[in-house]
4 protein chains.
Amino acid sequence: MPDASPAKWHLAHTTWFFETMVLQRFMPGYRPFDARYAFLFNSYYEALGPRHPRPARGLLTRPSGNEVRQYRSAIDDAIERLLHEVDGATLAEVEPVLTLGLHHEQQHQELLLTDALHLLFQNPLQPAFRPPAQAPIAPPPAPLRWLDQPGGEVVIGHRGNGFAFDNEGPAHPVLLRPYQLASRPVSCGEFLMFIRDGGYGDPQWWLSDGWAAVTTQGWNAPLYWTGVDTPEPTRFTLHGPRPLELTEPVSHVSLYEAAAYAAWAGARLPTEFEWEAAAPPAIGDVWEWTRSAYDPYPGFRPFAGAAAEYNGKFMMGQVVLRGGSLATPPGHMRLTYRNFFPASARWQFSGLRLARDL
Amino acid sequence: MPDASPAKWHLAHTTWFFETMVLQRFMPGYRPFDARYAFLFNSYYEALGPRHPRPARGLLTRPSGNEVRQYRSAIDDAIERLLHEVDGATLAEVEPVLTLGLHHEQQHQELLLTDALHLLFQNPLQPAFRPPAQAPIAPPPAPLRWLDQPGGEVVIGHRGNGFAFDNEGPAHPVLLRPYQLASRPVSCGEFLMFIRDGGYGDPQWWLSDGWAAVTTQGWNAPLYWTGVDTPEPTRFTLHGPRPLELTEPVSHVSLYEAAAYAAWAGARLPTEFEWEAAAPPAIGDVWEWTRSAYDPYPGFRPFAGAAAEYNGKFMMGQVVLRGGSLATPPGHMRLTYRNFFPASARWQFSGLRLARDL
Amino acid sequence: MPDASPAKWHLAHTTWFFETMVLQRFMPGYRPFDARYAFLFNSYYEALGPRHPRPARGLLTRPSGNEVRQYRSAIDDAIERLLHEVDGATLAEVEPVLTLGLHHEQQHQELLLTDALHLLFQNPLQPAFRPPAQAPIAPPPAPLRWLDQPGGEVVIGHRGNGFAFDNEGPAHPVLLRPYQLASRPVSCGEFLMFIRDGGYGDPQWWLSDGWAAVTTQGWNAPLYWTGVDTPEPTRFTLHGPRPLELTEPVSHVSLYEAAAYAAWAGARLPTEFEWEAAAPPAIGDVWEWTRSAYDPYPGFRPFAGAAAEYNGKFMMGQVVLRGGSLATPPGHMRLTYRNFFPASARWQFSGLRLARDL
Amino acid sequence: MPDASPAKWHLAHTTWFFETMVLQRFMPGYRPFDARYAFLFNSYYEALGPRHPRPARGLLTRPSGNEVRQYRSAIDDAIERLLHEVDGATLAEVEPVLTLGLHHEQQHQELLLTDALHLLFQNPLQPAFRPPAQAPIAPPPAPLRWLDQPGGEVVIGHRGNGFAFDNEGPAHPVLLRPYQLASRPVSCGEFLMFIRDGGYGDPQWWLSDGWAAVTTQGWNAPLYWTGVDTPEPTRFTLHGPRPLELTEPVSHVSLYEAAAYAAWAGARLPTEFEWEAAAPPAIGDVWEWTRSAYDPYPGFRPFAGAAAEYNGKFMMGQVVLRGGSLATPPGHMRLTYRNFFPASARWQFSGLRLARDL
């Protein structure tokens, strides 16, 4: 898949980010580990020069995994040296960039898992990424409750001192109508009812582009589901193929499938403002599609310098997801966090939560 | 181009809309003019059955233009008959559907012109759609002024009794920050400065997908412009090729080009709310791209019946344009009107107006 | 279809051929009818400059059919004038080029019909190119007989004084083994047995690229056949849809289907040498695929001048067909004639005749 | 590139060939090493069931290289056991299949090198497959001499007892005109003159599809050549990038480039019959394109059983190459050997030798 990258590329790329944004800028006389890596491991920073095309990443047999690990080790050492040697004024400049690098790496930790899952699924041997854990019996999902939300004027976006990406600000007031939000994400069992009711065959539930995707790509279930017409559907996971667990949240659906399910269920997706205002009490295992295009907040200002390209230039043709997934590093989740993917993306751990008007 | 249709198709399609939505539903015992036309001239109504694929429309040598005009004549007669025969209660039901059909036809009147312009441009002979009018000398554009807007709580969307599409409602309050809006759209001369300053070659101004379009499709000027590197650029119009008129509003730019220009000019595009709240005093010759994805308004409800597919199912992956163009039938323009196209579309009469924060 | 052209294009192109090859070269002071036509109506002569891309031919709404007929009329008149005015020596030079132009036009007469058939078939209305003739009841096909051929040394290629294309020469001896050739082409009824025996579902009969075409393009019968699984298959013809006539020769098959049928029937296709040596007693309604790639004959020399591009540069990736079809102008057929198309082509009137080793 | 496969796939595939063709057929009670490998490592044998698509081979991270080597070891052991245990009558049946498997593996030894070269070339680091040997100074190429060939009736194809592929037979007489064959393949220096004379920019030298490849794919030199416009052109080889050695045979050209060069040089390519009849005295470092489509010899009969798919079904749309390359295992070359690739293939070690009419 052109959107996915090999594991060693992720490691090399986050390493390159630290090298370029921190070492090259702040360490006097720093010389690149390998000048050619800038070309190989730059993902999309136009300001930092040309780069290797993403779909060709799978063709890189060299540098090997070992060489990438050596690269990482060298950069880790250099960063540590920098932190010991640098004066206080410079450290104050280094710190936010280093922090950004850490959050950037957390994002790639999740992407590494989603990409690996996708790659292993292509393999007819259906290998597991890691051996199945002693699987705890999943508890039945709590019955879905509708939580009343008053709406009115609410403040959206990041405030306070902790780290946040530029796209989470500035904080600003928004007017909401009263609404209800579901107490938990939609489960696999609930989604299976949509399938068995012919949901993938009935255009009335679908956005136009979604219906086109269904018919041209033959979607008939979430990604990684097989055997939905049989008594024993299975799902391909990081632990290999497993029986479909009806109580787990549905995952690996596109925005189109999420919106179609919601329409079928007589509800809708929440906007990202409704989601944030309600501050759902527990984050499930999946990112939750919202019904908000990924537009800039009023007064949005990108990060300064090369990091300006981090978020702003992707604010077109994408949809906001909120929450976090089982693959998200725990410290990486945040109530104001705005994840985003195209409406057709399915290889992320993406599910949905219902909303409805009051 | 797969998005464009031949002229006779537009006429047949709007005719079919009246036949299907009005005659089939309200005229007792009505029998279709030609049962096969439903397949040929349905554009996208899933509820009304399968249809001829859009890119194949250009292959229809039959029915001929004459046959389509006969079709139109017959439907016009039948509608007139219906209006004379029907009782008052039914008339009250017929009226909104008929009105919708008229507004639908107005939309296709504009599309017919944009499609014809595109088709003629493919022809190396560069034929004119109609002979050039005695062209009045275009006045110099008024100097651009920045109009202060107070922001605050404003009501957005259609209210009152006249016709509006479902996507214009419901009316609802929105909070805006103070801002400024330009007094007129960007002119060809202003846009030419962006080009000559290397705007199409500098990624810093562009959204990511826009930059991809520039590099893969070789964009170096608005659609229909030629010779931008020469002293005498030209523009292909419905009157054939003409010298580029610097004082006219720039047209046939994508959202990507509009946003890149705005960034280069140190400004931005207005949101659709900012545009509507300011109610620009004069509508220029072009639709104006806004920086708002085409999302549903809070509480949005589609039209009832087959017309439910009119707007709602396209609310993903599109961007709102406001205003109206030289090709828009005059009675079709409305302050709350939400036109929409994908960010990459250039074959519409689409320009831009600048905004900036206060 | 990118290989097909509109009817008026064929007329304009053959006219342009006369204008360019005859008038521009031999008429002193000749000025082109319209200098832009060279771009529009040149099909593939690199030596004669750039040209309009073939798949865009369907987009040419101008010049209109009437304008093209005026073009033809003007060129016809000029040619006639030239023939009256020219001296004997020049006439001797003009004559072979003019003759080539006439044969070229005959080729396009057939292409015009194959392209029109293909275009009308795309139309859901299934219109007829011309009204059905009073259809004579087709006689049952003669029982297939195997005609013994001695092989040995035979002379292949054109000899004598009449016109021939460059690719038919030079005449040269070839050694053949003894073989048998069928007395007539394969009939629709025979081909239907192959279909009903599962021939399109069994890879053992197919060349590798043929099997790929079957599976990726869903071939399950010759082009224009529908309802092969029903008791009443139909075939789309220049007279519109008609019941499949079992006694007629099968037509509109690719080389892949021809070769698969032959393998299933325990036979093979003849080489073009075997075909020519046997000089089949009656030419059927279809071009007959041979098992010979379209390679140059030993000592092949292209026509001189711009006509050098007529045949030689296509001698790669094509397969030879022999005979002639119901759409071939009668004077255009010749025992040594080498027609050629890619192995996947189906929109020609192409069938097959069986051969086998002795 | 969709035509190339990873190294471990080649090893697994040749191993699977032995397992399937020899062990499964001749060893009583044999159980597959891993039943899923038949799906992964079957390349194109329809009779042996469905298979993993070729372009997806690069996605197989499992089985690992080590697992494939274990697979090979196990099959080697089993084959050895079979050879010791089997009776004489069966051995006589096993032997030809085993021999075929060995020749099959030799073919993949060469493909492994051509695929690896192609993959490494995609890598911006330009890594070498193996360290450069102590490069002997290449001797200047012998001056090209034209060797007279009498033509007449010659016998073509394999005779005698040694192994040959089915496509090399049956031996049969062919008539040839007198001709001349060059004493050696065309050198890089000679080909560079074609380039510097504008050969890639002049359509008169090119077959039609070849010219299309030049213009759409931007060919301006053989594959792996860079800097042809500079004083120091380089060539990417299995030893990494090296200065272009003018005395070496040109390699990695398509049939189109070979034929264009020959036309520019006032010569032509030999037919495969001319090549075989002349039995060139020394085989160079490259396969030599001939001007013969890969058609079956008269009376051709495929191998029996599953190996029937080995050659025959590819006899369409390909061109014959003769000789052998620096990557061909020495025992694998044979005067009657018919290698074949599509006319556009460039990633093989493919060059050319000139011929001309007498």
# chains A, B, ... in the order shown; residues from 1 in each chain; ligands from 1

$ calpha_fit_and_write --fixed "chain C" --moving "chain A" --output "short mmCIF file (atom, residue, chain, number, x, y, z; two decimals) with C-alpha atoms, in the first residue's frame"
data_model
loop_
_atom_site.label_atom_id
_atom_site.label_comp_id
_atom_site.auth_asym_id
_atom_site.auth_seq_id
_atom_site.Cartn_x
_atom_site.Cartn_y
_atom_site.Cartn_z
CA MET A 1 -12.34 3.18 -26.92
CA PRO A 2 -8.96 4.78 -27.56
CA ASP A 3 -8.47 2.80 -30.80
CA ALA A 4 -11.64 4.07 -32.46
CA SER A 5 -12.29 7.34 -34.27
CA PRO A 6 -15.48 9.21 -35.20
CA ALA A 7 -16.81 8.85 -38.75
CA LYS A 8 -16.06 12.41 -39.78
CA TRP A 9 -12.47 12.01 -38.62
CA HIS A 10 -11.98 9.10 -41.04
CA LEU A 11 -13.27 11.20 -43.93
CA ALA A 12 -11.11 14.16 -42.97
CA HIS A 13 -8.06 12.00 -42.49
CA THR A 14 -8.20 10.28 -45.89
CA THR A 15 -8.81 13.68 -47.45
CA TRP A 16 -5.79 15.09 -45.66
CA PHE A 17 -3.75 12.16 -46.97
CA PHE A 18 -4.55 13.12 -50.56
CA GLU A 19 -3.94 16.79 -49.85
CA THR A 20 -0.57 16.20 -48.23
CA MET A 21 0.84 13.37 -50.29
CA VAL A 22 -0.45 14.54 -53.69
CA LEU A 23 -1.40 18.21 -53.78
CA GLN A 24 1.28 19.64 -51.53
CA ARG A 25 3.94 17.70 -53.32
CA PHE A 26 2.89 17.95 -56.95
CA MET A 27 0.71 21.05 -57.39
CA PRO A 28 2.85 24.13 -57.74
CA GLY A 29 1.91 26.89 -55.35
CA TYR A 30 -0.71 24.81 -53.56
CA ARG A 31 -1.90 26.35 -50.31
CA PRO A 32 -3.46 24.16 -47.62
CA PHE A 33 -7.22 24.28 -47.24
CA ASP A 34 -6.73 24.93 -43.53
CA ALA A 35 -3.22 24.81 -42.11
CA ARG A 36 -4.52 23.54 -38.77
CA TYR A 37 -5.98 20.39 -40.31
CA ALA A 38 -2.50 18.85 -40.60
CA PHE A 39 -2.43 18.77 -36.82
CA LEU A 40 -5.96 17.42 -36.45
CA PHE A 41 -6.01 14.79 -39.16
CA ASN A 42 -2.53 13.35 -39.32
CA SER A 43 -2.84 9.91 -37.80
CA TYR A 44 0.73 8.79 -37.20
CA TYR A 45 3.19 10.23 -39.67
CA GLU A 46 6.03 11.51 -37.51
CA ALA A 47 7.82 12.92 -40.55
CA LEU A 48 4.83 15.17 -41.19
CA GLY A 49 4.89 16.84 -37.81
CA PRO A 50 3.02 16.71 -34.50
CA ARG A 51 -0.57 15.57 -34.32
CA HIS A 52 -3.74 15.45 -32.31
CA PRO A 53 -3.78 12.47 -29.92
CA ARG A 54 -6.05 9.65 -31.06
CA PRO A 55 -8.08 9.23 -27.86
CA ALA A 56 -9.03 12.94 -28.06
CA ARG A 57 -10.56 12.62 -31.51
CA GLY A 58 -14.01 12.13 -30.05
CA LEU A 59 -13.80 15.58 -28.47
CA LEU A 60 -13.64 17.47 -31.77
CA THR A 61 -17.04 19.13 -32.13
CA ARG A 62 -15.47 21.42 -34.74
CA PRO A 63 -14.92 21.24 -37.67
CA SER A 64 -18.47 19.97 -38.09
CA GLY A 65 -19.47 17.16 -40.42
CA ASN A 66 -20.53 19.73 -43.00
CA GLU A 67 -17.20 21.49 -42.88
CA VAL A 68 -15.40 18.19 -43.37
CA ARG A 69 -17.54 17.44 -46.41
CA GLN A 70 -16.66 20.85 -47.84
CA TYR A 71 -13.00 20.05 -47.21
CA ARG A 72 -13.37 16.81 -49.13
CA SER A 73 -15.11 18.49 -52.00
CA ALA A 74 -12.38 21.08 -52.33
CA ILE A 75 -9.64 18.46 -52.32
CA ASP A 76 -11.50 16.29 -54.85
CA ASP A 77 -11.75 19.30 -57.17
CA ALA A 78 -8.09 20.14 -56.77
CA ILE A 79 -7.01 16.57 -57.49
CA GLU A 80 -9.12 16.53 -60.65
CA ARG A 81 -7.57 19.83 -61.74
CA LEU A 82 -4.11 18.47 -61.09
CA LEU A 83 -4.76 15.40 -63.19
CA HIS A 84 -5.87 17.55 -66.12
CA GLU A 85 -3.02 20.01 -65.95
CA VAL A 86 -0.05 17.85 -65.20
CA ASP A 87 2.44 16.66 -67.80
CA GLY A 88 3.10 13.00 -68.52
CA ALA A 89 6.33 12.69 -66.59
CA THR A 90 4.81 14.11 -63.44
CA LEU A 91 1.69 12.05 -63.90
CA ALA A 92 3.85 8.94 -63.73
CA GLU A 93 5.03 10.14 -60.34
CA VAL A 94 1.58 11.14 -59.16
CA GLU A 95 -0.12 7.90 -60.13
CA PRO A 96 1.41 5.52 -57.52
CA VAL A 97 0.81 8.00 -54.71
CA LEU A 98 -2.77 8.56 -55.78
CA THR A 99 -3.29 4.81 -55.97
CA LEU A 100 -1.85 4.43 -52.49
CA GLY A 101 -4.30 7.11 -51.32
CA LEU A 102 -7.20 5.15 -52.77
CA HIS A 103 -6.16 1.93 -51.07
CA HIS A 104 -5.61 3.89 -47.87
CA GLU A 105 -9.15 5.20 -48.13
CA GLN A 106 -10.50 1.69 -48.63
CA GLN A 107 -8.83 0.66 -45.39
CA HIS A 108 -10.55 3.51 -43.61
CA GLN A 109 -13.90 2.61 -45.12
CA GLU A 110 -13.69 -0.63 -43.19
CA LEU A 111 -12.39 1.06 -40.05
CA LEU A 112 -15.25 3.54 -40.17
CA LEU A 113 -17.68 0.63 -39.95
CA THR A 114 -15.84 -1.19 -37.18
CA ASP A 115 -15.56 2.03 -35.17
CA ALA A 116 -19.22 2.92 -35.69
CA LEU A 117 -20.31 -0.55 -34.60
CA HIS A 118 -18.25 -0.22 -31.46
CA LEU A 119 -19.61 3.22 -30.65
CA LEU A 120 -23.24 2.25 -31.15
CA PHE A 121 -22.75 -0.78 -28.92
CA GLN A 122 -21.80 1.55 -26.04
CA ASN A 123 -25.21 3.19 -26.32
CA PRO A 124 -27.82 1.58 -24.08
CA LEU A 125 -30.39 2.29 -26.80
CA GLN A 126 -28.53 -0.14 -29.09
CA PRO A 127 -29.27 1.81 -32.25
CA ALA A 128 -28.69 0.29 -35.70
CA PHE A 129 -26.14 1.77 -38.11
CA ARG A 130 -28.53 1.01 -40.95
CA PRO A 131 -31.93 -0.64 -41.06
CA PRO A 132 -31.81 -4.42 -41.30
CA ALA A 133 -31.81 -5.67 -44.84
CA GLN A 134 -34.45 -8.14 -45.86
CA ALA A 135 -32.35 -10.80 -44.23
CA PRO A 136 -31.92 -13.85 -46.42
CA ILE A 137 -32.11 -17.06 -44.45
CA ALA A 138 -28.50 -18.03 -43.99
CA PRO A 139 -27.81 -21.43 -45.50
CA PRO A 140 -26.51 -24.08 -43.16
CA PRO A 141 -22.75 -23.92 -43.25
CA ALA A 142 -21.19 -26.49 -45.46
CA PRO A 143 -19.83 -29.35 -43.37
CA LEU A 144 -16.26 -28.61 -42.52
CA ARG A 145 -13.83 -30.46 -44.74
CA TRP A 146 -10.08 -30.76 -44.30
CA LEU A 147 -8.19 -29.85 -47.43
CA ASP A 148 -4.82 -31.58 -47.80
CA GLN A 149 -1.90 -29.31 -48.62
CA PRO A 150 1.40 -30.76 -49.80
CA GLY A 151 3.67 -28.06 -48.39
CA GLY A 152 7.21 -28.05 -49.77
CA GLU A 153 8.80 -24.98 -51.23
CA VAL A 154 6.26 -22.28 -52.03
CA VAL A 155 6.63 -18.67 -53.07
CA ILE A 156 5.07 -16.17 -50.71
CA GLY A 157 4.36 -12.49 -51.33
CA HIS A 158 3.23 -10.22 -54.09
CA ARG A 159 4.47 -10.59 -57.67
CA GLY A 160 3.30 -8.97 -60.86
CA ASN A 161 2.07 -5.54 -61.79
CA GLY A 162 -0.97 -4.66 -59.71
CA PHE A 163 -0.87 -2.55 -56.58
CA ALA A 164 0.38 -4.05 -53.35
CA PHE A 165 1.48 -2.59 -50.04
CA ASP A 166 5.18 -2.64 -49.24
CA ASN A 167 4.66 -5.22 -46.51
CA GLU A 168 3.56 -7.83 -49.09
CA GLY A 169 7.02 -8.07 -50.57
CA PRO A 170 9.47 -9.08 -51.63
CA ALA A 171 8.20 -12.42 -52.89
CA HIS A 172 10.37 -15.18 -51.50
CA PRO A 173 10.43 -18.96 -51.16
CA VAL A 174 9.39 -20.65 -47.92
CA LEU A 175 9.51 -24.29 -46.87
CA LEU A 176 6.30 -25.79 -45.51
CA ARG A 177 5.51 -29.17 -44.03
CA PRO A 178 2.43 -30.97 -45.33
CA TYR A 179 -0.71 -29.78 -43.54
CA GLN A 180 -4.46 -29.57 -43.72
CA LEU A 181 -6.58 -26.45 -43.89
CA ALA A 182 -10.28 -26.25 -43.10
CA SER A 183 -12.61 -25.62 -46.00
CA ARG A 184 -14.32 -22.67 -44.24
CA PRO A 185 -14.03 -20.45 -41.15
CA VAL A 186 -15.33 -21.58 -37.78
CA SER A 187 -19.05 -20.86 -37.39
CA CYS A 188 -20.92 -19.19 -34.53
CA GLY A 189 -22.55 -22.49 -33.70
CA GLU A 190 -19.21 -24.23 -33.40
CA PHE A 191 -17.83 -21.45 -31.24
CA LEU A 192 -20.90 -21.59 -29.02
CA MET A 193 -20.04 -25.22 -28.25
CA PHE A 194 -16.63 -24.08 -27.03
CA ILE A 195 -18.35 -21.57 -24.75
CA ARG A 196 -20.86 -24.06 -23.41
CA ASP A 197 -18.08 -26.57 -22.81
CA GLY A 198 -16.57 -24.04 -20.39
CA GLY A 199 -13.86 -22.88 -22.76
CA TYR A 200 -13.64 -19.42 -21.26
CA GLY A 201 -13.12 -20.91 -17.82
CA ASP A 202 -10.35 -23.40 -18.54
CA PRO A 203 -6.78 -22.04 -18.68
CA GLN A 204 -5.41 -25.07 -20.50
CA TRP A 205 -6.63 -23.74 -23.86
CA TRP A 206 -5.25 -20.24 -23.50
CA LEU A 207 -2.06 -18.38 -24.17
CA SER A 208 -0.82 -16.73 -21.00
CA ASP A 209 -1.74 -13.17 -21.96
CA GLY A 210 -5.04 -14.42 -23.29
CA TRP A 211 -5.94 -16.01 -19.99
CA ALA A 212 -5.01 -12.76 -18.26
CA ALA A 213 -7.39 -10.92 -20.58
CA VAL A 214 -10.18 -13.40 -19.85
CA THR A 215 -9.83 -13.05 -16.10
CA THR A 216 -9.19 -9.33 -15.81
CA GLN A 217 -11.67 -8.21 -18.45
CA GLY A 218 -14.32 -10.79 -17.84
CA TRP A 219 -14.49 -12.10 -21.42
CA ASN A 220 -17.01 -14.92 -21.71
CA ALA A 221 -17.95 -14.74 -25.37
CA PRO A 222 -16.93 -12.88 -28.54
CA LEU A 223 -17.41 -9.12 -28.46
CA TYR A 224 -21.01 -8.05 -29.15
CA TRP A 225 -22.48 -11.37 -28.01
CA THR A 226 -24.97 -11.23 -25.14
CA GLY A 227 -27.04 -13.83 -23.39
CA VAL A 228 -24.76 -16.77 -24.12
CA ASP A 229 -26.09 -18.50 -21.03
CA THR A 230 -29.66 -18.16 -22.22
CA PRO A 231 -31.54 -20.13 -24.86
CA GLU A 232 -31.51 -17.11 -27.16
CA PRO A 233 -28.11 -15.50 -27.47
CA THR A 234 -27.97 -12.29 -29.46
CA ARG A 235 -25.30 -10.46 -31.36
CA PHE A 236 -25.03 -6.72 -31.88
CA THR A 237 -24.48 -5.88 -35.55
CA LEU A 238 -24.57 -2.90 -37.86
CA HIS A 239 -28.29 -3.66 -38.13
CA GLY A 240 -28.73 -3.53 -34.35
CA PRO A 241 -29.18 -6.55 -32.06
CA ARG A 242 -30.06 -9.82 -33.81
CA PRO A 243 -30.54 -13.42 -32.75
CA LEU A 244 -27.25 -15.28 -32.97
CA GLU A 245 -27.10 -16.99 -36.36
CA LEU A 246 -25.34 -20.29 -35.78
CA THR A 247 -24.43 -20.76 -39.42
CA GLU A 248 -22.53 -17.52 -39.81
CA PRO A 249 -18.78 -17.33 -39.27
CA VAL A 250 -17.79 -16.30 -35.76
CA SER A 251 -16.47 -12.74 -35.72
CA HIS A 252 -15.06 -10.18 -33.28
CA VAL A 253 -12.77 -12.61 -31.54
CA SER A 254 -9.25 -11.78 -30.47
CA LEU A 255 -6.25 -13.85 -31.48
CA TYR A 256 -6.36 -15.26 -27.98
CA GLU A 257 -9.89 -16.56 -28.41
CA ALA A 258 -9.09 -17.86 -31.86
CA ALA A 259 -6.07 -19.79 -30.58
CA ALA A 260 -7.97 -21.10 -27.55
CA TYR A 261 -10.78 -22.36 -29.75
CA ALA A 262 -8.31 -24.07 -32.05
CA ALA A 263 -6.57 -25.78 -29.13
CA TRP A 264 -9.90 -26.96 -27.75
CA ALA A 265 -10.84 -28.31 -31.17
CA GLY A 266 -7.62 -30.31 -31.35
CA ALA A 267 -6.27 -28.19 -34.16
CA ARG A 268 -4.29 -24.97 -34.52
CA LEU A 269 -4.25 -21.75 -36.49
CA PRO A 270 -2.44 -21.78 -39.84
CA THR A 271 0.67 -19.66 -40.34
CA GLU A 272 0.23 -16.88 -42.81
CA PHE A 273 2.39 -18.86 -45.23
CA GLU A 274 0.16 -21.90 -44.97
CA TRP A 275 -2.86 -19.70 -45.52
CA GLU A 276 -1.44 -18.05 -48.62
CA ALA A 277 -0.08 -21.29 -50.07
CA ALA A 278 -3.48 -22.94 -49.76
CA ALA A 279 -5.27 -19.98 -51.31
CA PRO A 280 -8.59 -20.82 -49.65
CA PRO A 281 -11.25 -21.24 -52.35
CA ALA A 282 -13.78 -18.80 -50.89
CA ILE A 283 -13.29 -15.85 -48.68
CA GLY A 284 -15.82 -15.76 -45.86
CA ASP A 285 -17.18 -12.74 -44.02
CA VAL A 286 -14.27 -12.40 -41.64
CA TRP A 287 -10.59 -11.68 -41.47
CA GLU A 288 -8.80 -14.81 -40.33
CA TRP A 289 -6.23 -14.72 -37.57
CA THR A 290 -3.03 -16.57 -38.41
CA ARG A 291 -0.35 -17.89 -36.07
CA SER A 292 2.24 -15.53 -37.53
CA ALA A 293 3.62 -12.47 -35.86
CA TYR A 294 3.73 -9.46 -38.16
CA ASP A 295 7.44 -9.55 -38.96
CA PRO A 296 9.08 -8.11 -42.10
CA TYR A 297 9.66 -10.41 -45.05
CA PRO A 298 13.35 -11.06 -45.82
CA GLY A 299 14.66 -8.10 -47.77
CA PHE A 300 11.68 -5.89 -46.88
CA ARG A 301 11.98 -2.30 -48.10
CA PRO A 302 9.44 0.35 -47.01
CA PHE A 303 7.78 2.75 -49.47
CA ALA A 304 9.86 5.82 -50.25
CA GLY A 305 9.20 9.26 -48.73
CA ALA A 306 6.58 10.02 -46.08
CA ALA A 307 4.78 6.78 -46.93
CA ALA A 308 7.76 4.91 -45.45
CA GLU A 309 5.90 5.09 -42.16
CA TYR A 310 2.89 3.33 -43.65
CA ASN A 311 3.64 -0.20 -42.52
CA GLY A 312 7.18 -0.93 -41.43
CA LYS A 313 7.17 0.82 -38.11
CA PHE A 314 4.23 -1.24 -36.89
CA MET A 315 6.05 -4.54 -37.37
CA MET A 316 6.26 -5.42 -33.69
CA GLY A 317 3.67 -6.71 -31.27
CA GLN A 318 1.06 -7.44 -33.94
CA VAL A 319 -0.36 -10.57 -35.53
CA VAL A 320 -1.20 -11.16 -39.19
CA LEU A 321 -4.77 -11.66 -40.40
CA ARG A 322 -5.54 -12.85 -43.89
CA GLY A 323 -8.57 -12.79 -46.17
CA GLY A 324 -11.10 -10.01 -45.83
CA SER A 325 -14.45 -9.26 -44.25
CA LEU A 326 -17.99 -8.27 -45.16
CA ALA A 327 -16.82 -4.69 -44.49
CA THR A 328 -13.81 -4.82 -46.78
CA PRO A 329 -14.30 -3.02 -50.09
CA PRO A 330 -14.32 -5.84 -52.67
CA GLY A 331 -11.45 -4.51 -54.78
CA HIS A 332 -9.33 -4.26 -51.68
CA MET A 333 -8.90 -8.01 -51.07
CA ARG A 334 -5.80 -9.79 -52.27
CA LEU A 335 -4.30 -13.23 -51.71
CA THR A 336 -1.04 -11.69 -50.48
CA TYR A 337 -2.69 -8.98 -48.34
CA ARG A 338 -1.35 -8.79 -44.77
CA ASN A 339 -3.76 -7.21 -42.33
CA PHE A 340 -2.49 -6.89 -38.76
CA PHE A 341 -3.76 -6.09 -35.28
CA PRO A 342 -2.63 -6.70 -31.70
CA ALA A 343 -3.53 -10.12 -30.32
CA SER A 344 -6.11 -8.58 -27.99
CA ALA A 345 -8.08 -6.70 -30.67
CA ARG A 346 -11.72 -7.69 -30.93
CA TRP A 347 -13.49 -4.79 -32.57
CA GLN A 348 -12.49 -5.84 -36.08
CA PHE A 349 -14.45 -8.37 -38.12
CA SER A 350 -11.99 -11.05 -37.11
CA GLY A 351 -12.59 -14.80 -37.06
CA LEU A 352 -10.53 -17.90 -37.70
CA ARG A 353 -9.97 -20.97 -39.86
CA LEU A 354 -8.48 -24.18 -38.48
CA ALA A 355 -5.35 -25.97 -39.63
CA ARG A 356 -3.60 -29.11 -38.49
CA ASP A 357 -0.44 -31.07 -39.10
CA LEU A 358 -0.54 -34.02 -41.39
#

$ select_by_dssp --residues "stretch 102-296 of chain D" --states "strand (DSSP E)" --output "ChimeraX atom specification"
/D:146-149,152-156,172-176,179-182,225-226,234-237,240-243,287-293
